[in-house]
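Visitor: So here's start.cif (mmCIF, C-alpha atoms and all ligand atoms).
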```
data_target
loop_
_atom_site.label_atom_id
_atom_site.label_comp_id
_atom_site.auth_asym_id
_atom_site.auth_seq_id
_atom_site.Cartn_x
_atom_site.Cartn_y
_atom_site.Cartn_z
CA MET A 1 28.59 -136.29 26.38
CA THR A 2 31.08 -133.75 25.08
CA LEU A 3 29.83 -131.80 22.08
CA LYS A 4 32.23 -131.94 19.14
CA LEU A 5 32.62 -128.77 17.10
CA ALA A 6 34.20 -128.15 13.70
CA ILE A 7 35.47 -124.74 12.67
CA VAL A 8 35.48 -123.81 8.99
CA GLY A 9 37.61 -120.85 7.91
CA ALA A 10 39.91 -121.88 10.76
CA GLY A 11 42.74 -119.62 9.62
CA GLY A 12 40.63 -116.45 9.46
CA ARG A 13 40.45 -113.68 12.06
CA MET A 14 37.35 -115.26 13.61
CA GLY A 15 38.48 -118.84 12.95
CA ARG A 16 41.57 -118.44 15.13
CA GLN A 17 39.55 -116.83 17.94
CA LEU A 18 36.99 -119.61 17.72
CA ILE A 19 39.68 -122.27 18.20
CA GLN A 20 40.76 -120.45 21.36
CA ALA A 21 37.18 -120.07 22.59
CA VAL A 22 36.38 -123.76 22.04
CA GLN A 23 39.55 -124.82 23.85
CA ALA A 24 38.70 -122.57 26.82
CA ALA A 25 35.05 -123.67 27.10
CA GLU A 26 33.63 -126.54 29.14
CA GLY A 27 31.44 -129.26 27.61
CA VAL A 28 32.75 -128.81 24.07
CA GLU A 29 35.82 -129.95 22.18
CA LEU A 30 37.39 -129.17 18.85
CA GLY A 31 36.68 -132.17 16.58
CA ALA A 32 37.98 -130.77 13.31
CA ALA A 33 39.18 -127.60 11.61
CA PHE A 34 38.87 -126.75 7.93
CA GLU A 35 40.17 -124.29 5.39
CA ARG A 36 39.08 -123.99 1.80
CA LYS A 37 40.50 -126.35 -0.81
CA GLY A 38 44.02 -125.45 -1.89
CA SER A 39 44.71 -123.19 1.12
CA SER A 40 48.35 -123.06 2.23
CA LEU A 41 47.07 -123.78 5.77
CA ILE A 42 45.90 -127.33 4.96
CA GLY A 43 47.88 -129.71 7.20
CA ALA A 44 48.80 -127.03 9.75
CA ASP A 45 48.01 -127.78 13.38
CA ALA A 46 44.81 -125.96 14.47
CA GLY A 47 46.24 -125.19 17.92
CA GLU A 48 49.34 -123.65 16.43
CA LEU A 49 47.22 -121.48 14.12
CA ALA A 50 45.47 -120.12 17.20
CA GLY A 51 48.70 -119.60 19.14
CA LEU A 52 47.89 -122.39 21.62
CA GLY A 53 50.62 -124.87 20.69
CA GLU A 54 50.06 -128.26 19.10
CA LEU A 55 46.58 -129.79 19.56
CA GLY A 56 47.02 -132.73 17.20
CA ILE A 57 44.17 -131.56 14.94
CA LYS A 58 45.33 -130.90 11.41
CA VAL A 59 43.49 -128.34 9.28
CA ALA A 60 41.69 -130.34 6.58
CA GLU A 61 39.87 -129.46 3.33
CA ASP A 62 37.34 -132.29 2.92
CA LEU A 63 34.40 -132.06 5.33
CA THR A 64 32.94 -135.38 4.15
CA ALA A 65 36.11 -137.32 4.93
CA GLU A 66 36.08 -135.99 8.53
CA LYS A 67 32.32 -135.96 9.15
CA ASP A 68 32.35 -138.44 12.05
CA LYS A 69 34.57 -136.11 14.07
CA PHE A 70 31.98 -133.38 14.80
CA ASP A 71 28.31 -132.64 15.56
CA ILE A 72 28.09 -128.90 14.85
CA ILE A 73 29.91 -126.62 12.41
CA ILE A 74 30.81 -123.04 13.34
CA ASP A 75 31.09 -120.96 10.17
CA PHE A 76 32.43 -117.40 9.95
CA THR A 77 33.63 -117.31 6.33
CA ARG A 78 32.05 -115.77 3.20
CA PRO A 79 28.55 -116.25 1.77
CA GLU A 80 29.74 -118.47 -1.11
CA GLY A 81 31.61 -120.76 1.29
CA SER A 82 28.80 -120.79 3.84
CA LEU A 83 26.25 -121.83 1.19
CA GLU A 84 28.40 -124.91 0.46
CA HIS A 85 28.71 -125.65 4.19
CA ILE A 86 24.92 -125.36 4.57
CA LYS A 87 24.40 -127.97 1.83
CA PHE A 88 26.88 -130.24 3.60
CA CYS A 89 25.02 -129.83 6.93
CA VAL A 90 21.67 -130.76 5.37
CA ALA A 91 23.12 -133.77 3.55
CA ASN A 92 24.99 -135.05 6.60
CA ASN A 93 22.63 -134.16 9.45
CA LYS A 94 24.97 -131.64 11.06
CA LYS A 95 23.88 -128.49 12.91
CA LEU A 96 25.26 -125.05 12.12
CA ILE A 97 26.31 -121.86 13.93
CA LEU A 98 26.46 -119.29 11.16
CA GLY A 99 28.18 -115.94 11.66
CA THR A 100 28.99 -115.00 8.07
CA THR A 101 27.48 -111.69 6.91
CA GLY A 102 26.77 -110.25 3.46
CA PHE A 103 24.21 -112.78 2.15
CA ASP A 104 21.88 -111.66 -0.64
CA ASP A 105 18.15 -112.49 -0.57
CA ALA A 106 18.67 -115.83 -2.33
CA GLY A 107 21.33 -116.77 0.23
CA LYS A 108 19.01 -115.90 3.10
CA GLN A 109 16.26 -118.00 1.50
CA ALA A 110 18.65 -120.96 1.22
CA ILE A 111 19.42 -120.65 4.94
CA GLY A 112 15.70 -120.64 5.78
CA LYS A 113 15.12 -123.70 3.58
CA ALA A 114 18.03 -125.59 5.16
CA ALA A 115 16.59 -124.90 8.62
CA GLU A 116 13.55 -127.00 7.68
CA LYS A 117 15.94 -129.97 7.70
CA THR A 118 18.49 -129.14 10.40
CA ALA A 119 19.02 -126.72 13.30
CA ILE A 120 20.76 -123.42 12.56
CA VAL A 121 21.64 -120.36 14.61
CA PHE A 122 22.21 -117.47 12.18
CA ALA A 123 23.21 -114.19 13.81
CA SER A 124 24.89 -111.09 12.44
CA ASN A 125 26.49 -110.55 15.84
CA TYR A 126 27.15 -113.12 18.59
CA SER A 127 28.01 -110.64 21.38
CA VAL A 128 25.59 -110.40 24.30
CA GLY A 129 25.78 -106.59 24.23
CA VAL A 130 24.70 -106.17 20.62
CA ASN A 131 21.74 -108.47 21.13
CA LEU A 132 20.70 -106.43 24.16
CA VAL A 133 21.05 -103.31 21.98
CA PHE A 134 18.63 -104.84 19.42
CA LYS A 135 16.00 -104.90 22.18
CA LEU A 136 16.87 -101.37 23.39
CA LEU A 137 16.45 -100.14 19.81
CA GLU A 138 12.94 -101.63 19.66
CA LYS A 139 12.05 -99.72 22.83
CA ALA A 140 13.58 -96.46 21.54
CA ALA A 141 11.78 -96.88 18.21
CA LYS A 142 8.44 -97.34 20.00
CA VAL A 143 8.93 -94.11 21.94
CA MET A 144 10.71 -91.84 19.43
CA GLY A 145 10.67 -93.62 16.08
CA ASP A 146 7.61 -91.99 14.56
CA TYR A 147 8.93 -88.42 14.89
CA SER A 148 12.74 -88.66 15.05
CA ASP A 149 15.34 -89.05 12.30
CA ILE A 150 16.95 -92.50 12.55
CA GLU A 151 20.56 -92.93 11.41
CA ILE A 152 22.79 -95.99 11.89
CA ILE A 153 26.56 -95.47 11.87
CA GLU A 154 29.04 -98.36 11.88
CA ALA A 155 32.83 -98.65 11.85
CA HIS A 156 34.99 -101.72 11.15
CA HIS A 157 38.56 -102.67 10.26
CA ARG A 158 40.01 -102.04 6.80
CA HIS A 159 39.77 -105.75 5.80
CA LYS A 160 35.99 -106.01 6.04
CA VAL A 161 34.48 -106.76 2.62
CA ASP A 162 30.74 -106.20 3.15
CA ALA A 163 28.86 -102.97 3.91
CA PRO A 164 26.83 -102.00 5.76
CA SER A 165 27.77 -104.53 8.42
CA GLY A 166 25.40 -107.39 9.11
CA THR A 167 24.86 -105.93 12.58
CA ALA A 168 23.91 -102.49 11.20
CA LEU A 169 21.39 -104.17 8.88
CA SER A 170 19.96 -106.20 11.77
CA MET A 171 19.64 -102.99 13.81
CA GLY A 172 17.78 -101.42 10.90
CA GLU A 173 15.53 -104.48 10.61
CA HIS A 174 14.62 -104.43 14.31
CA ILE A 175 13.76 -100.72 14.06
CA ALA A 176 11.88 -101.08 10.76
CA LYS A 177 9.82 -104.00 12.06
CA THR A 178 8.88 -102.06 15.20
CA LEU A 179 7.75 -99.08 13.08
CA GLY A 180 6.03 -101.06 10.31
CA ARG A 181 8.67 -99.93 7.77
CA ASP A 182 10.69 -101.93 5.25
CA LEU A 183 14.45 -101.44 4.72
CA LYS A 184 14.00 -102.15 1.01
CA VAL A 185 11.79 -99.03 0.83
CA ASN A 186 13.03 -96.88 3.72
CA GLY A 187 16.73 -97.81 3.95
CA VAL A 188 19.10 -95.11 2.61
CA PHE A 189 22.48 -96.73 2.03
CA SER A 190 24.41 -93.87 0.39
CA ARG A 191 24.15 -90.12 -0.14
CA GLU A 192 26.05 -88.12 -2.74
CA GLY A 193 25.35 -84.99 -4.77
CA ILE A 194 21.90 -83.35 -4.76
CA THR A 195 20.07 -85.90 -2.65
CA GLY A 196 16.95 -83.90 -1.86
CA GLU A 197 15.73 -83.41 1.69
CA ARG A 198 15.65 -86.28 4.13
CA LYS A 199 12.31 -88.11 4.26
CA ARG A 200 10.80 -88.50 7.73
CA THR A 201 10.62 -92.29 7.24
CA ASP A 202 14.21 -92.78 6.02
CA ILE A 203 16.48 -95.09 7.98
CA GLY A 204 20.01 -93.97 7.06
CA PHE A 205 23.20 -96.03 7.09
CA SER A 206 26.78 -94.67 7.23
CA THR A 207 29.91 -96.81 7.00
CA ILE A 208 33.47 -96.20 8.21
CA ARG A 209 36.32 -98.60 7.32
CA ALA A 210 39.61 -97.93 9.13
CA ALA A 211 42.67 -99.72 10.47
CA ASP A 212 41.95 -102.29 13.20
CA VAL A 213 38.50 -101.26 14.48
CA VAL A 214 36.87 -104.49 15.74
CA GLY A 215 33.26 -103.31 15.42
CA GLU A 216 31.38 -100.18 16.52
CA HIS A 217 27.71 -99.34 16.01
CA THR A 218 25.72 -96.24 17.00
CA VAL A 219 22.08 -95.48 16.27
CA TRP A 220 20.74 -91.92 16.44
CA PHE A 221 17.14 -91.08 17.20
CA ALA A 222 17.42 -87.35 16.45
CA ASP A 223 14.69 -84.79 17.06
CA ILE A 224 14.89 -80.98 16.98
CA GLY A 225 16.51 -80.05 20.28
CA GLU A 226 17.59 -83.49 21.47
CA ARG A 227 19.14 -86.76 20.31
CA VAL A 228 19.30 -90.21 21.83
CA GLU A 229 22.34 -92.29 20.79
CA ILE A 230 22.52 -96.02 21.47
CA SER A 231 26.03 -97.41 21.00
CA HIS A 232 27.96 -100.65 21.19
CA LYS A 233 31.72 -101.08 20.88
CA ALA A 234 33.43 -104.44 20.56
CA SER A 235 37.07 -104.30 21.66
CA SER A 236 37.92 -107.98 21.09
CA ARG A 237 36.66 -110.65 18.66
CA MET A 238 36.59 -113.01 21.64
CA THR A 239 33.13 -111.66 22.50
CA PHE A 240 31.83 -113.02 19.15
CA ALA A 241 33.71 -116.31 19.53
CA ASN A 242 32.44 -116.94 23.07
CA GLY A 243 28.92 -116.15 21.92
CA ALA A 244 29.20 -118.65 19.07
CA VAL A 245 30.34 -121.41 21.44
CA ARG A 246 27.46 -120.54 23.79
CA ALA A 247 25.07 -120.79 20.83
CA ALA A 248 26.50 -124.21 19.88
CA LYS A 249 25.83 -125.59 23.36
CA TRP A 250 22.27 -124.19 23.22
CA LEU A 251 21.66 -125.67 19.75
CA ALA A 252 22.71 -129.17 20.82
CA ASN A 253 19.15 -129.97 21.98
CA LYS A 254 17.39 -128.62 18.89
CA GLN A 255 16.67 -130.82 15.88
CA ILE A 256 15.45 -128.36 13.23
CA GLY A 257 14.68 -124.65 12.96
CA LEU A 258 16.22 -121.25 12.34
CA PHE A 259 17.24 -119.36 15.47
CA ASP A 260 19.19 -116.24 16.27
CA MET A 261 21.19 -115.01 19.23
CA THR A 262 18.16 -113.38 20.87
CA ASP A 263 16.69 -116.92 21.07
CA VAL A 264 19.92 -118.29 22.55
CA LEU A 265 19.99 -115.50 25.16
CA ASP A 266 16.21 -115.69 25.75
CA LEU A 267 15.78 -111.97 25.12
CA ASN A 268 12.54 -112.10 23.16
CA ASN A 269 10.23 -111.55 26.14
CA LEU A 270 12.13 -108.56 27.57
N1 LIG B 301 28.27 -112.79 13.43
C1 LIG B 301 29.30 -112.25 14.12
O1 LIG B 301 29.28 -112.10 15.36
C2 LIG B 301 30.54 -111.91 13.37
C3 LIG B 301 30.58 -112.10 12.02
N2 LIG B 301 31.73 -111.90 11.32
C4 LIG B 301 31.68 -112.26 9.92
O2 LIG B 301 32.45 -113.44 9.76
C5 LIG B 301 32.99 -113.46 8.44
C6 LIG B 301 34.50 -113.71 8.52
O3 LIG B 301 35.12 -112.62 9.12
P1 LIG B 301 36.71 -112.63 9.39
O4 LIG B 301 37.08 -113.78 10.25
O5 LIG B 301 37.06 -111.26 9.83
O6 LIG B 301 37.24 -112.85 7.89
P2 LIG B 301 38.62 -113.50 7.41
O7 LIG B 301 38.77 -113.09 5.98
O8 LIG B 301 39.70 -113.21 8.37
O9 LIG B 301 38.35 -115.07 7.48
C7 LIG B 301 37.50 -115.74 6.60
C8 LIG B 301 37.94 -117.18 6.53
O10 LIG B 301 37.03 -117.88 5.68
C9 LIG B 301 37.78 -118.49 4.63
N3 LIG B 301 37.01 -118.52 3.40
C10 LIG B 301 36.80 -117.50 2.54
N4 LIG B 301 36.05 -117.92 1.51
C11 LIG B 301 35.80 -119.21 1.71
C12 LIG B 301 35.09 -120.19 0.99
N5 LIG B 301 34.49 -119.91 -0.18
N6 LIG B 301 35.01 -121.44 1.50
C13 LIG B 301 35.60 -121.74 2.66
N7 LIG B 301 36.31 -120.85 3.40
C14 LIG B 301 36.40 -119.60 2.93
C15 LIG B 301 39.03 -117.63 4.49
O11 LIG B 301 40.04 -118.36 3.83
P3 LIG B 301 41.08 -117.56 2.87
O12 LIG B 301 41.94 -116.78 3.81
O13 LIG B 301 41.77 -118.66 2.13
O14 LIG B 301 40.25 -116.68 1.98
C16 LIG B 301 39.33 -117.33 5.95
O15 LIG B 301 39.98 -118.41 6.58
C17 LIG B 301 32.58 -112.14 7.79
O16 LIG B 301 31.41 -112.35 7.03
C18 LIG B 301 32.28 -111.25 8.99
O17 LIG B 301 31.40 -110.21 8.70
C19 LIG B 301 32.88 -111.47 11.93
C20 LIG B 301 32.89 -111.25 13.27
C21 LIG B 301 31.72 -111.43 14.11
O1 LIG B 302 33.53 -108.36 9.84
C1 LIG B 302 33.60 -108.14 11.07
O2 LIG B 302 34.68 -107.96 11.66
C2 LIG B 302 32.35 -108.11 11.83
N1 LIG B 302 31.25 -108.45 11.21
C3 LIG B 302 29.95 -108.54 11.77
C4 LIG B 302 29.00 -107.64 11.04
O3 LIG B 302 29.09 -107.51 9.80
O4 LIG B 302 28.13 -107.06 11.68
C5 LIG B 302 29.93 -108.44 13.26
C6 LIG B 302 31.00 -107.61 13.89
O5 LIG B 302 30.60 -106.27 13.91
C7 LIG B 302 32.37 -107.79 13.28
#
```
Represent the structure of the file as structure tokens.
Ligand SMILES: NC(=O)C1=CN([C@@H]2O[C@H](COP(=O)(O)OP(=O)(O)OC[C@H]3O[C@@H](n4cnc5c(N)ncnc54)[C@H](OP(=O)(O)O)[C@@H]3O)[C@@H](O)[C@H]2O)C=CC1
Ligand SMILES: O=C(O)C1=N[C@H](C(=O)O)C[C@H](O)C1
Guide:
Amino acid sequence: MTLKLAIVGAGGRMGRQLIQAVQAAEGVELGAAFERKGSSLIGADAGELAGLGELGIKVAEDLTAEKDKFDIIIDFTRPEGSLEHIKFCVANNKKLILGTTGFDDAGKQAIGKAAEKTAIVFASNYSVGVNLVFKLLEKAAKVMGDYSDIEIIEAHHRHKVDAPSGTALSMGEHIAKTLGRDLKVNGVFSREGITGERKRTDIGFSTIRAADVVGEHTVWFADIGERVEISHKASSRMTFANGAVRAAKWLANKQIGLFDMTDVLDLNNL
């Protein structure tokens, strides 16, 4: 049976790519597309938004009114919107592919709670490459983490509203977990003025926002005399969109639980 997907935030940078990715994929179809209430895009054709020509699916604002048209929601919006979508999924027995970044601790807790009732993939980055990098970082941290200085540098386009990126934070979390550290204690998110010397256990974050950069992440493991750099560069948002569609197909057989892209890609036993 064809899996029916709904895209919320359909007019956004990721929303438009997701419409294209769903249309190009096998075994899935676009059931519905949504924008937030009052958006000027309500009533527009989803295919036309994505540059594909008319698909006959009008962008809607009321998820409840269209709920029989889809099985899984793909959400790359903003935390406040995603928290509403999560409530809808729990109340209406819908599954969720969540790509939004920038949640606070309460938001993350709400996602965990919702996953006791429905199935959710929540990933800061849906590209295969970044998820492989998470595993490479664990290996590098095991070998060099205890004695090297660890710095995470990320660059994104000028429109991005959260910092550091969700991916940079996930990279930090993978490293911190491997080393028995905690980002709340060891994460250094800004430096200005007389900062004092770097602590051995710091995990530093640096952010660049410029022009049309899709997404670039580099982690340094720096020792005196040598430095390992592990980098990923995304050159098209299609890598995230294709990953989200892949995750939706994988989630179709799950009933409840919180998963991430390393589960989808079966990378946890590498
Ligand atoms: N996990 C991953 O692999 C990736 C994650 N992201 C994340 O996805 C999110 C979106 O990124 P991007 O597409 O660039 O952003 P955009 O601003 O281009 O798109 C966001 C979309 O969500 C809509 N939206 C905003 N607030 C709400 C709300 N409260 N309720 C419903 N819809 C809302 C926007 O509508 P409007 O225009 O009216 O505000 C817009 O259509 C970000 O958090 C980003 O970090 C991005 C790429 C990859
Ligand atoms: O906002 C973006 O564009 C991206 N956001 C994600 C993040 O915060 O890590 C993923 C990707 O890097 C693009």
Visitor: Residues within 7 Å of region 10-17 of chain A, please, as a list in words. Count only C-alpha atoms; anything in the same chain fewer than 2 positions from it doesn't count.
Guide: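 Once the adjacent positions are removed, what remains is Ile7, Val8, Ile19, Gln20, Ala21, Ala33, Phe34, Glu35, Leu49, Ala50, Phe76, Arg237, Met238 and Ala241 of chain A.
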Visitor: Once you have the residues from the selection above, write them out as a PDB file, in the coordinates of the input, restricted to C-alpha atoms.
Guide:
```
ATOM      1  CA  ILE A   7      35.470-124.740  12.670  1.00  0.00           C
ATOM      2  CA  VAL A   8      35.480-123.810   8.990  1.00  0.00           C
ATOM      3  CA  ILE A  19      39.680-122.270  18.200  1.00  0.00           C
ATOM      4  CA  GLN A  20      40.760-120.450  21.360  1.00  0.00           C
ATOM      5  CA  ALA A  21      37.180-120.070  22.590  1.00  0.00           C
ATOM      6  CA  ALA A  33      39.180-127.600  11.610  1.00  0.00           C
ATOM      7  CA  PHE A  34      38.870-126.750   7.930  1.00  0.00           C
ATOM      8  CA  GLU A  35      40.170-124.290   5.390  1.00  0.00           C
ATOM      9  CA  LEU A  49      47.220-121.480  14.120  1.00  0.00           C
ATOM     10  CA  ALA A  50      45.470-120.120  17.200  1.00  0.00           C
ATOM     11  CA  PHE A  76      32.430-117.400   9.950  1.00  0.00           C
ATOM     12  CA  ARG A 237      36.660-110.650  18.660  1.00  0.00           C
ATOM     13  CA  MET A 238      36.590-113.010  21.640  1.00  0.00           C
ATOM     14  CA  ALA A 241      33.710-116.310  19.530  1.00  0.00           C
TER      15      ALA A 241
END
```
Visitor: How would you write, as a ChimeraX atom specification, the set of residues no farther than 9 Å from ligand LIG 301 (chain B) when counting only C-alpha atoms and all ligand atoms?
Guide: /A:8-17,34-41,61,75-85,98-103,122-127,157,159-162,165-167,214-215,237,239-241,243-244
Visitor: Taking into account all atoms listed in the file, which residue in the set A:Asp260, A:Glu138, A:Asp71, A:Glu229 is nearest to Ala115 (chain A)?
Guide: A:Asp260
Visitor: So that I can see what lies close to region 218-220 of chain A, please list as a PyMOL selection string the residues with an atom at most 6 Å from it, counting all atoms listed in the file and leaving out residues fewer than 5 positions away in the same chain.
Guide: chain A and resi 150-153+228-231
Visitor: When you draw a straight line from CA of Ala114 (chain A) to CA of Ile86 (chain A), how long is it in Å?
Guide: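 Interatomic distance, CA of Ala114 (chain A) to CA of Ile86 (chain A): 6.9 Å.
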Visitor: One decimal, Å: what's the distance from CA of Lys94 (chain A) over to CA of Ala168 (chain A), could you say?
Guide: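 Result for CA of Lys94 (chain A) versus CA of Ala168 (chain A): 29.2 Å, one decimal.
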Visitor: Produce the centre coordinates and the three edge lengths, each in Å to one decimal, of the box along x, y and z that contains all listed atoms of region 68-81 of chain A with 5 Å added on each side, as lines of an AutoDock Vina configuration file.
Guide:
```
center_x = 31.3
center_y = -127.1
center_z = 7.2
size_x = 16.5
size_y = 32.7
size_z = 26.7
```
Visitor: Using the partial input, fill out region 185-200 of chain A with N, CA and C atoms; write the result as an mmCIF file, in the frame of the given file.
Guide:
```
data_model
loop_
_atom_site.group_PDB
_atom_site.id
_atom_site.type_symbol
_atom_site.label_atom_id
_atom_site.label_comp_id
_atom_site.auth_asym_id
_atom_site.auth_seq_id
_atom_site.Cartn_x
_atom_site.Cartn_y
_atom_site.Cartn_z
ATOM 1 N N VAL A 185 12.438 -100.290 1.219
ATOM 2 C CA VAL A 185 11.790 -99.030 0.830
ATOM 3 C C VAL A 185 12.421 -97.850 1.571
ATOM 4 N N ASN A 186 12.645 -98.013 2.862
ATOM 5 C CA ASN A 186 13.030 -96.880 3.720
ATOM 6 C C ASN A 186 14.536 -96.792 4.011
ATOM 7 N N GLY A 187 15.283 -97.838 3.684
ATOM 8 C CA GLY A 187 16.730 -97.810 3.950
ATOM 9 C C GLY A 187 17.426 -96.873 2.965
ATOM 10 N N VAL A 188 18.300 -95.994 3.474
ATOM 11 C CA VAL A 188 19.100 -95.110 2.610
ATOM 12 C C VAL A 188 20.552 -95.488 2.844
ATOM 13 N N PHE A 189 21.170 -96.098 1.830
ATOM 14 C CA PHE A 189 22.480 -96.730 2.030
ATOM 15 C C PHE A 189 23.640 -95.882 1.509
ATOM 16 N N SER A 190 23.332 -94.783 0.779
ATOM 17 C CA SER A 190 24.410 -93.870 0.390
ATOM 18 C C SER A 190 23.794 -92.508 0.074
ATOM 19 N N ARG A 191 24.610 -91.467 0.219
ATOM 20 C CA ARG A 191 24.150 -90.120 -0.140
ATOM 21 C C ARG A 191 25.298 -89.423 -0.840
ATOM 22 N N GLU A 192 25.012 -88.836 -1.998
ATOM 23 C CA GLU A 192 26.050 -88.120 -2.740
ATOM 24 C C GLU A 192 25.356 -87.130 -3.678
ATOM 25 N N GLY A 193 25.923 -85.967 -3.846
ATOM 26 C CA GLY A 193 25.350 -84.990 -4.770
ATOM 27 C C GLY A 193 24.067 -84.377 -4.242
ATOM 28 N N ILE A 194 23.159 -84.004 -5.170
ATOM 29 C CA ILE A 194 21.900 -83.350 -4.760
ATOM 30 C C ILE A 194 20.931 -84.473 -4.368
ATOM 31 N N THR A 195 20.844 -84.727 -3.096
ATOM 32 C CA THR A 195 20.070 -85.900 -2.650
ATOM 33 C C THR A 195 18.614 -85.566 -2.396
ATOM 34 N N GLY A 196 18.288 -84.258 -2.323
ATOM 35 C CA GLY A 196 16.950 -83.900 -1.860
ATOM 36 C C GLY A 196 16.914 -83.979 -0.341
ATOM 37 N N GLU A 197 15.826 -83.421 0.229
ATOM 38 C CA GLU A 197 15.730 -83.410 1.690
ATOM 39 C C GLU A 197 15.497 -84.818 2.224
ATOM 40 N N ARG A 198 15.879 -84.995 3.461
ATOM 41 C CA ARG A 198 15.650 -86.280 4.130
ATOM 42 C C ARG A 198 14.155 -86.528 4.306
ATOM 43 N N LYS A 199 13.726 -87.764 4.007
ATOM 44 C CA LYS A 199 12.310 -88.110 4.260
ATOM 45 C C LYS A 199 12.175 -88.515 5.721
ATOM 46 N N ARG A 200 11.066 -88.173 6.316
ATOM 47 C CA ARG A 200 10.800 -88.500 7.730
ATOM 48 C C ARG A 200 10.999 -90.005 7.995
#
```
